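Just below is one structure, and these are the notes that go with it.
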Amino acid sequence: MQLVRKLAVLVVAALGLLLGIWFCVENSQPLVLKVYGFDAPELPVGLIITLALLTGALVGYVMSLPWLLRARNRIASLNRKLRRRDKELDRLRGMTAPAATNSKNGDQRRLIE
């Protein structure tokens with residue numbers, strides 16, 4: 001299953017790369033951007049748009065990092081609690097229950113096994 005997933009990711013990444021290259025080649029007209037009154041170097045339109053998309057993806061990833069780190073820490077904390085509780089449960093299951101006397105015939109039986 002892991003191999004299929006890795007192969008699918010590889011195919012999608014290759015397709016994205018090919019589409020990006022095709023887009024840049026098809027939109028090769030030169031363009032000069034003015035940013036806050038300053039002229040940026042003359043670059044092809046496709047390259048400018050691709051750089052803008054990549055910059056947006058990078059900013060989105062960086063902005064999501066605090067949430068991802070908090071979630072990862074929360075998962076680790078909950079896993080530690082779960083392990084402690086599992087150990088406690090195993091310890092309690094290993095304890096023997098005191099014997100109880102049946103009042104009718106006087107024999108002893110365990111309450112919990």
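Ordering of the structure tokens sets the chain letters (A, B, ...); residue numbers start at 1 within each chain; ligands are numbered from 1 in the order shown.
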
Practice prompt. Could you give me, as JSON, numbers by chain, the residues within 8 Å of stretch 42-54 of chain A, counting only C-alpha atoms and dropping anything in the same chain fewer than 5 positions from it?
Written response: {"A": [20, 23, 24, 25, 26, 27, 28, 29, 30, 31, 32, 33]}

Item to complete: Would you mind writing down, as a PyMOL selection string, each residue of stretch 3-104 of chain A that DSSP on the backbone assigns to strand (DSSP E or B)?
Response: chain A and resi 30-31+34-35+38-39+43-44+99-101
